[in-house]
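Here is query.pdb, consisting of PDB, C-alpha atoms:
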ATOM      1  CA  MET A   1      71.544  19.967 -60.539  1.00  0.00           C
ATOM      2  CA  SER A   2      71.521  23.656 -59.675  1.00  0.00           C
ATOM      3  CA  PHE A   3      68.499  25.933 -59.754  1.00  0.00           C
ATOM      4  CA  SER A   4      70.120  29.231 -58.838  1.00  0.00           C
ATOM      5  CA  LYS A   5      67.299  31.260 -60.392  1.00  0.00           C
ATOM      6  CA  TYR A   6      65.105  30.058 -57.494  1.00  0.00           C
ATOM      7  CA  ASN A   7      67.693  31.004 -54.901  1.00  0.00           C
ATOM      8  CA  LYS A   8      66.644  34.639 -54.665  1.00  0.00           C
ATOM      9  CA  GLU A   9      65.655  34.852 -51.018  1.00  0.00           C
ATOM     10  CA  ARG A  10      62.000  35.544 -51.706  1.00  0.00           C
ATOM     11  CA  PRO A  11      59.022  33.599 -50.352  1.00  0.00           C
ATOM     12  CA  PHE A  12      57.941  30.368 -52.026  1.00  0.00           C
ATOM     13  CA  LEU A  13      54.880  28.307 -51.115  1.00  0.00           C
ATOM     14  CA  VAL A  14      55.843  24.608 -50.990  1.00  0.00           C
ATOM     15  CA  ILE A  15      53.104  21.952 -50.859  1.00  0.00           C
ATOM     16  CA  THR A  16      53.968  18.292 -50.324  1.00  0.00           C
ATOM     17  CA  GLN A  17      51.228  15.674 -50.517  1.00  0.00           C
ATOM     18  CA  HIS A  18      51.245  12.294 -48.771  1.00  0.00           C
ATOM     19  CA  TYR A  19      48.681   9.535 -49.063  1.00  0.00           C
ATOM     20  CA  THR A  20      47.926   7.100 -46.241  1.00  0.00           C
ATOM     21  CA  PRO A  21      45.484   4.191 -46.212  1.00  0.00           C
ATOM     22  CA  ALA A  22      41.981   5.069 -44.998  1.00  0.00           C
ATOM     23  CA  ASP A  23      40.850   3.514 -41.731  1.00  0.00           C
ATOM     24  CA  GLY A  24      39.955  -0.135 -42.108  1.00  0.00           C
ATOM     25  CA  GLU A  25      41.610  -0.561 -45.509  1.00  0.00           C
ATOM     26  CA  LYS A  26      43.370  -3.858 -46.122  1.00  0.00           C
ATOM     27  CA  THR A  27      46.510  -2.881 -48.004  1.00  0.00           C
ATOM     28  CA  SER A  28      47.467  -6.501 -48.605  1.00  0.00           C
ATOM     29  CA  THR A  29      44.611  -7.073 -51.080  1.00  0.00           C
ATOM     30  CA  LYS A  30      45.380  -7.296 -54.799  1.00  0.00           C
ATOM     31  CA  ASP A  31      45.478  -3.924 -56.632  1.00  0.00           C
ATOM     32  CA  TRP A  32      44.902  -1.974 -53.418  1.00  0.00           C
ATOM     33  CA  GLY A  33      47.132   0.840 -54.721  1.00  0.00           C
ATOM     34  CA  LYS A  34      44.755   1.404 -57.645  1.00  0.00           C
ATOM     35  CA  THR A  35      41.373   0.718 -56.041  1.00  0.00           C
ATOM     36  CA  GLY A  36      41.832   1.272 -52.293  1.00  0.00           C
ATOM     37  CA  LYS A  37      40.645   4.303 -50.348  1.00  0.00           C
ATOM     38  CA  LYS A  38      43.306   6.765 -49.232  1.00  0.00           C
ATOM     39  CA  ASN A  39      43.561   9.847 -47.052  1.00  0.00           C
ATOM     40  CA  LEU A  40      45.373  12.858 -48.479  1.00  0.00           C
ATOM     41  CA  GLN A  41      47.590  14.950 -46.208  1.00  0.00           C
ATOM     42  CA  GLU A  42      49.179  18.201 -47.379  1.00  0.00           C
ATOM     43  CA  MET A  43      52.197  19.689 -45.682  1.00  0.00           C
ATOM     44  CA  VAL A  44      52.567  23.419 -46.303  1.00  0.00           C
ATOM     45  CA  SER A  45      55.652  25.522 -45.797  1.00  0.00           C
ATOM     46  CA  ILE A  46      56.942  28.910 -46.838  1.00  0.00           C
ATOM     47  CA  VAL A  47      60.646  28.932 -47.689  1.00  0.00           C
ATOM     48  CA  ASP A  48      62.913  31.687 -48.929  1.00  0.00           C
ATOM     49  CA  THR A  49      65.128  29.413 -51.034  1.00  0.00           C
ATOM     50  CA  VAL A  50      64.067  26.489 -53.206  1.00  0.00           C
ATOM     51  CA  LYS A  51      66.523  23.660 -52.686  1.00  0.00           C
ATOM     52  CA  ASN A  52      66.954  20.433 -54.623  1.00  0.00           C
ATOM     53  CA  LYS A  53      65.138  18.637 -51.781  1.00  0.00           C
ATOM     54  CA  HIS A  54      62.049  20.803 -52.392  1.00  0.00           C
ATOM     55  CA  LEU A  55      62.207  20.245 -56.145  1.00  0.00           C
ATOM     56  CA  ASN A  56      62.377  16.473 -55.653  1.00  0.00           C
ATOM     57  CA  GLU A  57      59.737  16.036 -52.929  1.00  0.00           C
ATOM     58  CA  ALA A  58      57.180  18.827 -53.423  1.00  0.00           C
ATOM     59  CA  THR A  59      53.940  18.426 -55.308  1.00  0.00           C
ATOM     60  CA  VAL A  60      53.602  22.165 -55.947  1.00  0.00           C
ATOM     61  CA  ILE A  61      55.997  25.098 -55.574  1.00  0.00           C
ATOM     62  CA  ILE A  62      54.719  28.631 -56.159  1.00  0.00           C
ATOM     63  CA  ASP A  63      56.817  31.787 -56.276  1.00  0.00           C
ATOM     64  CA  ILE A  64      54.559  34.024 -54.191  1.00  0.00           C
ATOM     65  CA  LEU A  65      55.953  37.394 -55.250  1.00  0.00           C
ATOM     66  CA  GLN A  66      56.071  36.646 -58.973  1.00  0.00           C
ATOM     67  CA  ARG A  67      52.818  34.600 -58.946  1.00  0.00           C
ATOM     68  CA  ARG A  68      54.200  31.757 -60.984  1.00  0.00           C
ATOM     69  CA  VAL A  69      54.453  28.018 -60.633  1.00  0.00           C
ATOM     70  CA  VAL A  70      57.964  26.698 -60.198  1.00  0.00           C
ATOM     71  CA  LYS A  71      56.784  23.076 -60.073  1.00  0.00           C
ATOM     72  CA  SER A  72      53.437  21.329 -60.380  1.00  0.00           C
ATOM     73  CA  ARG A  73      52.583  17.651 -60.644  1.00  0.00           C
ATOM     74  CA  PHE A  74      49.043  18.494 -61.752  1.00  0.00           C
ATOM     75  CA  SER A  75      47.722  18.610 -65.298  1.00  0.00           C
ATOM     76  CA  GLU A  76      45.574  21.685 -64.576  1.00  0.00           C
ATOM     77  CA  PRO A  77      46.738  25.043 -65.978  1.00  0.00           C
ATOM     78  CA  ASN A  78      49.153  26.956 -63.761  1.00  0.00           C
ATOM     79  CA  GLU A  79      46.631  29.780 -63.191  1.00  0.00           C
ATOM     80  CA  GLU A  80      44.199  27.324 -61.587  1.00  0.00           C
ATOM     81  CA  VAL A  81      46.933  25.830 -59.396  1.00  0.00           C
ATOM     82  CA  ILE A  82      48.034  29.292 -58.238  1.00  0.00           C
ATOM     83  CA  THR A  83      44.473  30.413 -57.529  1.00  0.00           C
ATOM     84  CA  HIS A  84      43.613  27.225 -55.627  1.00  0.00           C
ATOM     85  CA  TYR A  85      46.660  27.132 -53.367  1.00  0.00           C
ATOM     86  CA  LEU A  86      46.949  30.878 -52.713  1.00  0.00           C
ATOM     87  CA  THR A  87      43.264  30.892 -51.793  1.00  0.00           C
ATOM     88  CA  GLN A  88      43.398  27.739 -49.677  1.00  0.00           C
ATOM     89  CA  TYR A  89      46.517  28.799 -47.783  1.00  0.00           C
ATOM     90  CA  LYS A  90      46.149  32.595 -47.853  1.00  0.00           C
ATOM     91  CA  ASN A  91      46.687  32.909 -44.078  1.00  0.00           C
ATOM     92  CA  GLN A  92      49.955  30.982 -44.254  1.00  0.00           C
ATOM     93  CA  VAL A  93      51.027  33.044 -47.272  1.00  0.00           C
ATOM     94  CA  ALA A  94      50.258  36.327 -45.482  1.00  0.00           C
ATOM     95  CA  GLU A  95      52.166  35.151 -42.414  1.00  0.00           C
ATOM     96  CA  GLY A  96      55.110  34.017 -44.552  1.00  0.00           C
ATOM     97  CA  ILE A  97      55.250  37.370 -46.340  1.00  0.00           C
ATOM     98  CA  GLN A  98      55.197  39.179 -43.003  1.00  0.00           C
ATOM     99  CA  ILE A  99      58.153  37.162 -41.715  1.00  0.00           C
ATOM    100  CA  TRP A 100      60.027  37.597 -44.990  1.00  0.00           C
ATOM    101  CA  MET A 101      59.420  41.354 -44.911  1.00  0.00           C
ATOM    102  CA  LYS A 102      60.842  41.672 -41.415  1.00  0.00           C
ATOM    103  CA  ASN A 103      64.133  40.369 -42.772  1.00  0.00           C
ATOM    104  CA  GLN A 104      64.071  42.388 -45.997  1.00  0.00           C
ATOM    105  CA  TYR A 105      62.727  45.807 -45.040  1.00  0.00           C
ATOM    106  CA  LYS A 106      63.882  47.286 -41.763  1.00  0.00           C
ATOM    107  CA  ASP A 107      62.290  50.714 -42.173  1.00  0.00           C
ATOM    108  CA  LYS A 108      58.572  51.428 -42.252  1.00  0.00           C
ATOM    109  CA  GLU A 109      58.562  53.421 -45.511  1.00  0.00           C
ATOM    110  CA  SER A 110      60.124  50.624 -47.584  1.00  0.00           C
ATOM    111  CA  SER A 111      57.726  48.101 -46.055  1.00  0.00           C
ATOM    112  CA  GLU A 112      54.666  50.209 -46.831  1.00  0.00           C
ATOM    113  CA  THR A 113      55.843  50.749 -50.416  1.00  0.00           C
ATOM    114  CA  PHE A 114      56.338  47.024 -50.847  1.00  0.00           C
ATOM    115  CA  ILE A 115      52.887  46.215 -49.396  1.00  0.00           C
ATOM    116  CA  ASN A 116      51.171  48.810 -51.604  1.00  0.00           C
ATOM    117  CA  ASP A 117      52.898  47.453 -54.708  1.00  0.00           C
ATOM    118  CA  LEU A 118      51.982  43.880 -53.737  1.00  0.00           C
ATOM    119  CA  GLU A 119      48.315  44.734 -53.075  1.00  0.00           C
ATOM    120  CA  ASN A 120      48.071  46.637 -56.384  1.00  0.00           C
ATOM    121  CA  GLU A 121      49.550  43.704 -58.266  1.00  0.00           C
ATOM    122  CA  ILE A 122      47.189  41.203 -56.634  1.00  0.00           C
ATOM    123  CA  SER A 123      44.150  43.368 -57.381  1.00  0.00           C
ATOM    124  CA  ASN A 124      45.203  43.640 -61.048  1.00  0.00           C
ATOM    125  CA  LEU A 125      45.324  39.883 -61.548  1.00  0.00           C
ATOM    126  CA  ASP A 126      41.945  38.559 -62.666  1.00  0.00           C
ATOM    127  CA  ALA A 127      42.541  35.059 -61.315  1.00  0.00           C
ATOM    128  CA  LEU A 128      43.421  36.309 -57.846  1.00  0.00           C
ATOM    129  CA  ASN A 129      40.835  39.066 -57.311  1.00  0.00           C
ATOM    130  CA  ASN A 130      39.132  37.127 -54.512  1.00  0.00           C
ATOM    131  CA  ILE A 131      42.293  36.964 -52.369  1.00  0.00           C
ATOM    132  CA  LYS A 132      42.784  39.668 -49.763  1.00  0.00           C
ATOM    133  CA  VAL A 133      46.171  39.700 -48.079  1.00  0.00           C
ATOM    134  CA  ASP A 134      45.757  41.855 -44.995  1.00  0.00           C
ATOM    135  CA  ILE A 135      49.110  42.654 -43.447  1.00  0.00           C
ATOM    136  CA  ASP A 136      49.540  45.190 -40.689  1.00  0.00           C
ATOM    137  CA  ILE A 137      53.099  46.323 -41.325  1.00  0.00           C
ATOM    138  CA  THR A 138      53.119  48.852 -38.506  1.00  0.00           C
ATOM    139  CA  GLU A 139      52.395  46.119 -35.976  1.00  0.00           C
ATOM    140  CA  SER A 140      55.111  43.899 -37.468  1.00  0.00           C
ATOM    141  CA  LEU A 141      57.744  46.615 -37.301  1.00  0.00           C
ATOM    142  CA  ASN A 142      56.777  47.524 -33.741  1.00  0.00           C
ATOM    143  CA  ASP A 143      57.230  43.886 -32.707  1.00  0.00           C
ATOM    144  CA  GLU A 144      60.895  44.089 -33.736  1.00  0.00           C
ATOM    145  CA  LYS A 145      61.683  46.967 -31.368  1.00  0.00           C
TER     146      LYS A 145
END
What's the structure tokens form of this structure?
Amino acid sequence: MSFSKYNKERPFLVITQHYTPADGEKTSTKDWGKTGKKNLQEMVSIVDTVKNKHLNEATVIIDILQRRVVKSRFSEPNEEVITHYLTQYKNQVAEGIQIWMKNQYKDKESSETFINDLENEISNLDALNNIKVDIDITESLNDEK
């Protein structure tokens, strides 16, 4: 199964959820899977290519630049999923975009144009108005030298 349209070398937010038994839970009891208490753990990563492994294992995959859901195991509308995860993990998203930009845009002018376009797009989206991605591109480019 090939998903070449997601192999565009742009940043994707990948969330994988795992449940573990809560402390003191007896997993051997009848119907524990339905009635027992569980702890939720989310593993977050930013990748530049969505692979079949991600499509199989991830709970949510969001294309950060295009603001769209690639995969979601939730019944909520995609706009709510995007808003929730981009808000909850905005620091990781900002850091992932910074790293991605270092590989994509080597000169300062292209980087600043990209950041301005990205900030304008985010501010125009009603669902994402409360997210502020603060990226200091000058500092990032100076780190490369």
With only C-alpha atoms as the basis for distance, which of A:Gln104, A:Thr113, A:Gln88, A:Thr16 is at the shortest distance from Ile61 in chain A?
A:Thr16
Counting all atoms listed in the file, find residues at most 12 Å from (49.7, 32.8, -51.0) (file frame) and give them as a ChimeraX atom specification.
/A:11-15,44-46,61-69,81-98,118,122,128,130-134
Box centre and edge lengths (Å, one decimal), axis-aligned, range 90-107 of chain A plus 3 Å each side, as lines of an AutoDock Vina configuration file:
center_x = 55.1
center_y = 40.8
center_z = -44.6
size_x = 24.0
size_y = 25.7
size_z = 12.4
Separation of CA of Thr49 in chain A from CA of Arg10 in chain A, in Å and rounded to one decimal
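According to the coordinates, CA of Thr49 in chain A and CA of Arg10 in chain A are separated by 6.9 Å.
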Please, what distance in Å, to one decimal, runs between CA of Glu42 in chain A and CA of Glu25 in chain A?
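We find that CA of Glu42 in chain A and CA of Glu25 in chain A lie 20.3 Å from each other.
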